[in-house]
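Visitor: Structure incoming, see below.
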There are 2 protein chains.
Amino acid sequence: MHDFVFHNPTKIIFGRDTESRLGAELRQHGIENVLFVYGRDSIKKSGLHGRIVASLREAGIAFHEFGGVSSNPVLTHVRQGIDKAKMQGVDGVLAVGGGSVLDEGKAIAAGARTDNDIWYYFTGTEVRDALPVFTVPTLAATGSEMNGNSVVTNEETRQKFNISSPLIYPRLSILNPALTFTVPPDYTAYGAVDAIAHVIEGYFTQEAGAPLLDRLVENIITTVMNSHETIMKHPDHYEARAEFMWAATLALNGLTTAGTRNHSFPNHMIEHSLSALYNIPHGAGLSIVIPAWMKWYSARRPDRFWRFAYKVFGLADAEAGIKALERWFNSIKTPTRLRDVSIPERDIEKIADNCGDLAELWGLNHIYTREVLIDILRLAA
Amino acid sequence: MHDFVFHNPTKIIFGRDTESRLGAELRQHGIENVLFVYGRDSIKKSGLHGRIVASLREAGIAFHEFGGVSSNPVLTHVRQGIDKAKMQGVDGVLAVGGGSVLDEGKAIAAGARTDNDIWYYFTGTEVRDALPVFTVPTLAATGSEMNGNSVVTNEETRQKFNISSPLIYPRLSILNPALTFTVPPDYTAYGAVDAIAHVIEGYFTQEAGAPLLDRLVENIITTVMNSHETIMKHPDHYEARAEFMWAATLALNGLTTAGTRNHSFPNHMIEHSLSALYNIPHGAGLSIVIPAWMKWYSARRPDRFWRFAYKVFGLADAEAGIKALERWFNSIKTPTRLRDVSIPERDIEKIADNCGDLAELWGLNHIYTREVLIDILRLAA
C-alpha cells in the first residue's frame, strides 16, 4: 500500500424520510440563511421541494431559492448563483438534486467566498475558502454527496473542468433511497455506469494497491450491477435502491484509492470532452469511452484485466471480461459507440483536440497524446 | 439496509515515517500544550519516543509526559492522567501506543473536561465534552484510532466497561505500519483475533444488512488472515503489516455496521469479564469465547454461518466453518479453551456473574441470562 491521507468529514444521514431532519440539522450546524439550489421542476412535482421548505421553515431557517441547474452544469449559471449568494448574504449552500445540482452548489459555495471569478479555481488555483455545503441527492451516481469534487462546463470555451478541495466536502448529506424511485431507467443506468467508472479508473491505472482495495472495488462493482438488475425490474425496490445509493457514495469518497499510487481518470477525461461538445449525459459518455479505452489499455496491465474478468464475471480471460462489461452496458441500454449518440466519426479529431487541455491540466498528456486519443476514440466508432 | 448515521471525521495519515509530521499537524489543529500518554518503556527503546519528542519540539508544542498505561487500562491510572491534564492545563491529548494507550488517552480527554468522576461516563452518562485526541498507534488491533470508543477496567469493582461518544473520535491518527514490525507474534495474533471479532459480531447478530456489507466484512476477515500469515513468516513485511493495519482500522470505524440493525457484541461482552477477572489480553480472551459462542449461536442463524463458511473458507458447511476458524486460531497460537489461560472450569459461574452487569448495561441480559452465559462458557471449557 502506498502512503495516503484519508479524511472524509461528511456526515451521512441515510434512510427513509430522512429529509425531514434537514432543518434541525442545519440549525445544529449554525446555519440561519441558505441558498437552496436545485434543478428543474421535478423536485416540485415529486413533493420533495415542499418537504424541504417545510423542514427549513419549521427550524426557522431563511432560504433563497436558486433553481434551473442543468445536467452538465454551466459556468454562466454558476456565476448567477454566486451573485445571488453574495447578494443575499447566505451562510451556507443547500443543494437538492442530482450530481449536477450538487456540483453546482459546491462551485457556488466556493465562488461566494472569493472576489475572483470562480473559473480561476477550475483552471488550477487552489480553493481558499467556501461556504459550508449541505446536500440531499435525488440520484445515485456521482458520489458528490461525500467528496470534495465539483465539475462544471464553461460553455464559452467548451471546457468541462473540475475543482477538488477539502473545503467543499458537504458538511452533511441526507440520503433517502426512496427519493430515487422516480429516476427514469436511462438515468438510473447512467448512474450505474458512473459509479462503476469511479472505481475501475483507479483499479486499472494504479501502480501500487492492495488485495484489500481490489476486493473493495470488486464489491462495489458487483453491488452496483446486482442492485441495478433488481431496479430495472422493480424501480421502487427500496433495498436495491439503498444498496445502489450507498455503493455509489462509497465509490468516490476516497476509500477505494486510499493506498493506491498514481491512479488516474482517463475515461473521465475523455468523457468530459464528449459531454462538453455534445452535451450528452456523463454516464452515457462513459459507457462509450470505457470499452474503447479498455481495449486500448488492456495489453499494458494484463494482470489487472485478468483479475477483473475473473472476480467480476467469473471468466478466466481478460478479453472476455471487457466484452462482458460491454454486453452488460448494452443490457442496461447505455450507449457503447459514438454513433449511438449521433456523434459522427469525422468528429474524432475535434474531440481529441478538445481533450488536450484537460490532459495537460491533469498531467496525463504524456500518455494521452493527440494520436493516442484518436486511437482510443476510433475504437468507439 | 437499515437507516443509519455515518460520521467519521478522523483524519488518517498513513505511511512510512509519518510520525515525523505529528508536531506540524498538531500545530495546524491549534494545539499548543498536550498530555503525551504512553505505556511501558518499549516506545523509548524503539526510538519512537525520541522521534515524537523531536517532532513536538520542532513545532514548538509543549508536552507533559504521562506513561505507565497498562494492557487493559485501569481506572486509577486514568484518574491520575485526568489530574495531570487538569493541573497542566493541556489543550489536547496525544496517545502513542497500543489500543490500551489510545483508550486511556480518550478517557483522560473526556475526564479532563468534567468535574464529575470519569466512571460516571462508563456507567451510562453521556459524554458532554472532551479535549481533542490525537493518536499514533503502534499495534493493529482495536480500531481505537478511528472510532469513538474507550474501554477501561475498574479494578475495584472488577468491571471492564466502555464509553462511546462522537467527542472522543481522534481528530488525527498517524498510522505507520513499520511501527508494528516489533510487535511480538503473540500480540500480533491477538490483534488479528480482535479485528476479526469486531466484524463478525455484527455479521452474525444483525437483523438487517446487505450483501455490500457482508462482502466488506468478508474482505476484512480475508485480509487479516492472509496478511497475518505473511507476518508470521516475515514480521517486517511492510505490505502485509500495512494491509493488516488498515483492515483493523476499517473493522471498527463504523463502515461495516452502517446499514445493519440490532447488531450486538456478545463476544466482547463475555470477554470483558475474562480480562477483568484474570487480566488476560483481550484478543486471547476473544479467541476463547468466539468458537464457544459460535457453537451456541449457530443454530439461530444457520444462513449466516453457512455464508461465513463458504465465503471465508470455501466450505459448504456451517459447522465446518466454525471448526476452520478455531483451527486457524490454533494455527496462530491464540488460546481457544479456558484452560489454555489457566482459568479453571469451576470459575465459570463466577465469570457469568461478573458478566451480568455489562449484559444489563448493553441491553443483552434478556438473551444472555446467567444460564446462557454458563452454557456458552462450558463450551469453552
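Each chain in the C-alpha cells gets a letter, A, B and so on, in the order shown; residues start at 1 in every chain, and ligands are counted from 1 in the order they appear.
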With the cut-off set at 9 Å and counting only C-alpha atoms, tabulate each residue of chain B with an atom at most that distance from an atom of chain A, showing the nearest atom pair and its distance in Å to one decimal, ordered by chain and increasing number, as JSON lines.
Guide:
{"residue": "B:Met1", "atom": "CA", "partner": "A:Glu239", "partner_atom": "CA", "distance": 6.1}
{"residue": "B:His2", "atom": "CA", "partner": "A:Gly15", "partner_atom": "CA", "distance": 7.0}
{"residue": "B:Asp3", "atom": "CA", "partner": "A:Gly15", "partner_atom": "CA", "distance": 4.3}
{"residue": "B:Phe4", "atom": "CA", "partner": "A:Phe14", "partner_atom": "CA", "distance": 5.2}
{"residue": "B:Val5", "atom": "CA", "partner": "A:Ile13", "partner_atom": "CA", "distance": 4.5}
{"residue": "B:Phe6", "atom": "CA", "partner": "A:Ile12", "partner_atom": "CA", "distance": 5.0}
{"residue": "B:His7", "atom": "CA", "partner": "A:Lys11", "partner_atom": "CA", "distance": 4.4}
{"residue": "B:Asn8", "atom": "CA", "partner": "A:Pro9", "partner_atom": "CA", "distance": 6.1}
{"residue": "B:Pro9", "atom": "CA", "partner": "A:Pro9", "partner_atom": "CA", "distance": 4.2}
{"residue": "B:Thr10", "atom": "CA", "partner": "A:His7", "partner_atom": "CA", "distance": 6.4}
{"residue": "B:Lys11", "atom": "CA", "partner": "A:His7", "partner_atom": "CA", "distance": 4.4}
{"residue": "B:Ile12", "atom": "CA", "partner": "A:Phe6", "partner_atom": "CA", "distance": 5.0}
{"residue": "B:Ile13", "atom": "CA", "partner": "A:Val5", "partner_atom": "CA", "distance": 4.5}
{"residue": "B:Phe14", "atom": "CA", "partner": "A:Phe4", "partner_atom": "CA", "distance": 5.2}
{"residue": "B:Gly15", "atom": "CA", "partner": "A:Asp3", "partner_atom": "CA", "distance": 4.3}
{"residue": "B:Arg16", "atom": "CA", "partner": "A:Asp3", "partner_atom": "CA", "distance": 7.1}
{"residue": "B:Thr18", "atom": "CA", "partner": "A:Asp3", "partner_atom": "CA", "distance": 8.8}
{"residue": "B:Leu172", "atom": "CA", "partner": "A:His7", "partner_atom": "CA", "distance": 9.0}
{"residue": "B:Ala210", "atom": "CA", "partner": "A:Glu243", "partner_atom": "CA", "distance": 7.1}
{"residue": "B:Pro211", "atom": "CA", "partner": "A:Thr223", "partner_atom": "CA", "distance": 7.5}
{"residue": "B:Leu212", "atom": "CA", "partner": "A:Thr223", "partner_atom": "CA", "distance": 6.0}
{"residue": "B:Arg215", "atom": "CA", "partner": "A:Asn219", "partner_atom": "CA", "distance": 6.5}
{"residue": "B:Leu216", "atom": "CA", "partner": "A:Leu216", "partner_atom": "CA", "distance": 6.8}
{"residue": "B:Asn219", "atom": "CA", "partner": "A:Arg215", "partner_atom": "CA", "distance": 6.5}
{"residue": "B:Ile220", "atom": "CA", "partner": "A:Leu212", "partner_atom": "CA", "distance": 7.2}
{"residue": "B:Thr222", "atom": "CA", "partner": "A:Leu212", "partner_atom": "CA", "distance": 8.4}
{"residue": "B:Thr223", "atom": "CA", "partner": "A:Leu212", "partner_atom": "CA", "distance": 6.0}
{"residue": "B:Tyr238", "atom": "CA", "partner": "A:Met1", "partner_atom": "CA", "distance": 8.6}
{"residue": "B:Glu239", "atom": "CA", "partner": "A:Met1", "partner_atom": "CA", "distance": 6.1}
{"residue": "B:Ala240", "atom": "CA", "partner": "A:Met1", "partner_atom": "CA", "distance": 8.9}
{"residue": "B:Ala242", "atom": "CA", "partner": "A:Met1", "partner_atom": "CA", "distance": 6.5}
{"residue": "B:Glu243", "atom": "CA", "partner": "A:Leu212", "partner_atom": "CA", "distance": 7.0}
{"residue": "B:Trp246", "atom": "CA", "partner": "A:Leu212", "partner_atom": "CA", "distance": 8.9}
{"residue": "B:Ala247", "atom": "CA", "partner": "A:Leu212", "partner_atom": "CA", "distance": 7.6}
{"residue": "B:Gly259", "atom": "CA", "partner": "A:Phe14", "partner_atom": "CA", "distance": 8.3}
Visitor: Using C-alpha atoms, can you write the selected residues to a file as a short mmCIF file (atom, residue, chain, number, x, y, z; two decimals), in the first residue's frame?
Guide:
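out-v5.cif, written as the output of this step:
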data_model
loop_
_atom_site.label_atom_id
_atom_site.label_comp_id
_atom_site.auth_asym_id
_atom_site.auth_seq_id
_atom_site.Cartn_x
_atom_site.Cartn_y
_atom_site.Cartn_z
CA MET B 1 -30.33 -1.75 4.59
CA HIS B 2 -31.47 -0.20 7.80
CA ASP B 3 -31.38 3.56 8.42
CA PHE B 4 -28.09 4.83 9.73
CA VAL B 5 -25.98 7.85 10.52
CA PHE B 6 -22.34 7.63 9.48
CA HIS B 7 -19.96 10.34 10.54
CA ASN B 8 -16.28 9.61 10.99
CA PRO B 9 -14.28 12.83 10.99
CA THR B 10 -10.90 11.33 11.97
CA LYS B 11 -8.09 12.34 9.65
CA ILE B 12 -5.73 9.44 8.84
CA ILE B 13 -2.15 9.95 7.75
CA PHE B 14 -0.85 6.56 6.68
CA GLY B 15 2.64 5.51 5.64
CA ARG B 16 6.30 5.21 6.48
CA THR B 18 4.61 9.70 9.04
CA LEU B 172 -5.95 12.83 13.71
CA ALA B 210 -26.92 -6.04 2.79
CA PRO B 211 -24.66 -8.09 0.52
CA LEU B 212 -22.47 -4.97 0.14
CA ARG B 215 -18.72 -8.67 1.36
CA LEU B 216 -17.00 -5.80 3.15
CA ASN B 219 -12.96 -8.80 2.72
CA ILE B 220 -11.66 -7.57 6.08
CA THR B 222 -9.71 -12.42 4.48
CA THR B 223 -7.27 -9.50 4.56
CA TYR B 238 5.75 -3.74 5.18
CA GLU B 239 2.94 -4.55 2.75
CA ALA B 240 1.47 -7.22 5.00
CA ALA B 242 0.11 -2.15 6.12
CA GLU B 243 -2.86 -4.19 4.92
CA TRP B 246 -5.70 -0.60 7.61
CA ALA B 247 -8.03 -3.62 7.74
CA GLY B 259 -26.95 -0.14 7.45
#
Visitor: Cα RMSD of chain A on chain B, all Cα atoms paired in order, least-squares fit?
Guide: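 RMSD over all C-alpha atoms: 0.0 Å.
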Visitor: Give me, as a VMD selection string, the residues of segment 116-216 of chain B that a backbone DSSP run labels strand (DSSP E or B).
Guide: chain B and resid 133 to 137 149 to 154 159 to 164 172 to 175 208
Visitor: With a distance cut-off of 9 Å and only C-alpha atoms, select the neighbouring residues of segment 263-272 of chain B, excluding the residue or stretch itself and same-chain residues fewer than 5 positions from it, and output the selection as a PyMOL selection string.
Guide: chain B and resi 153+159-161+197-198+201-208+257+277+282-286+288-290+293+351-352+355+358-359+362+364+368+373+377
Visitor: Enumerate, as number ranges by chain, the complete set of residues in segment 32-211 of chain B that a backbone-based DSSP assignment places in helix (DSSP H, G or I).
Guide: B: 42-45, 48-58, 75-88, 99-111, 119-122, 144-146, 166-168, 177-180, 185-205, 211
Visitor: Please provide as a list in words all residues within 10 Å of Phe66 of chain B, with the sequence filter that same-chain residues fewer than 3 positions apart are discarded (counting only C-alpha atoms).
Guide: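 Within the cut-off, the hits are Leu35, Phe36, Val37, Tyr38, Gly39, Phe63, Val69, His77, Gln80, Gly81, Lys84, Ala85, Leu94, Ala95 and Gly105 of chain B.
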Visitor: If you count only C-alpha atoms, which residues fall within 10 Å of Leu167 of chain A, apart from same-chain ones fewer than 5 positions away, as JSON, numbers by chain?
Guide: {"A": [106, 109, 110, 127, 128, 129, 130, 131, 132, 133, 147, 148, 149]}
Visitor: Quick check, in Å to one decimal: how far apart do atom CA of Thr125 of chain B and atom CA of Ile280 of chain B lie?
Guide: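 Computed distance, atom CA of Thr125 of chain B to atom CA of Ile280 of chain B, equals 27.8 Å.
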Visitor: Could you check how far atom CA of Pro170 of chain B sits from atom CA of Glu145 of chain B, in Å to one decimal?
Guide: 6.4 Å
Visitor: Which value, in Å to one decimal, gives the distance between atom CA of Glu319 of chain A and atom CA of Arg300 of chain A?
Guide: 12.8 Å
Visitor: Using only C-alpha atoms, which of A:Leu22, A:Ile118, A:Ala251, A:Ile376 sits nearest Ala140 of chain A?
Guide: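 Ranked by minimum distance to Ala140 of chain A, first place goes to A:Ala251.
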Visitor: Can you work out which one of B:His49, B:His234, B:Ser20, B:Thr157 has the shortest atom-to-atom distance to Thr76 of chain B, counting only C-alpha atoms?
Guide: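 Result for the nearest residue to Thr76 of chain B: B:Thr157.
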Visitor: For Ala54 of chain B, which residue among B:Arg327, B:Arg378, B:Arg21, B:Arg307 is the nearest when counting only C-alpha atoms?
Guide: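 The answer is B:Arg21, which sits nearest to Ala54 of chain B.
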Visitor: Can you work out which one of B:Gly50, B:Gly89, B:Gly191, B:Pro184 has the shortest atom-to-atom distance to Ala62 of chain B, counting only C-alpha atoms?
Guide: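 Using only C-alpha atoms, the shortest distance to Ala62 of chain B belongs to B:Gly89.
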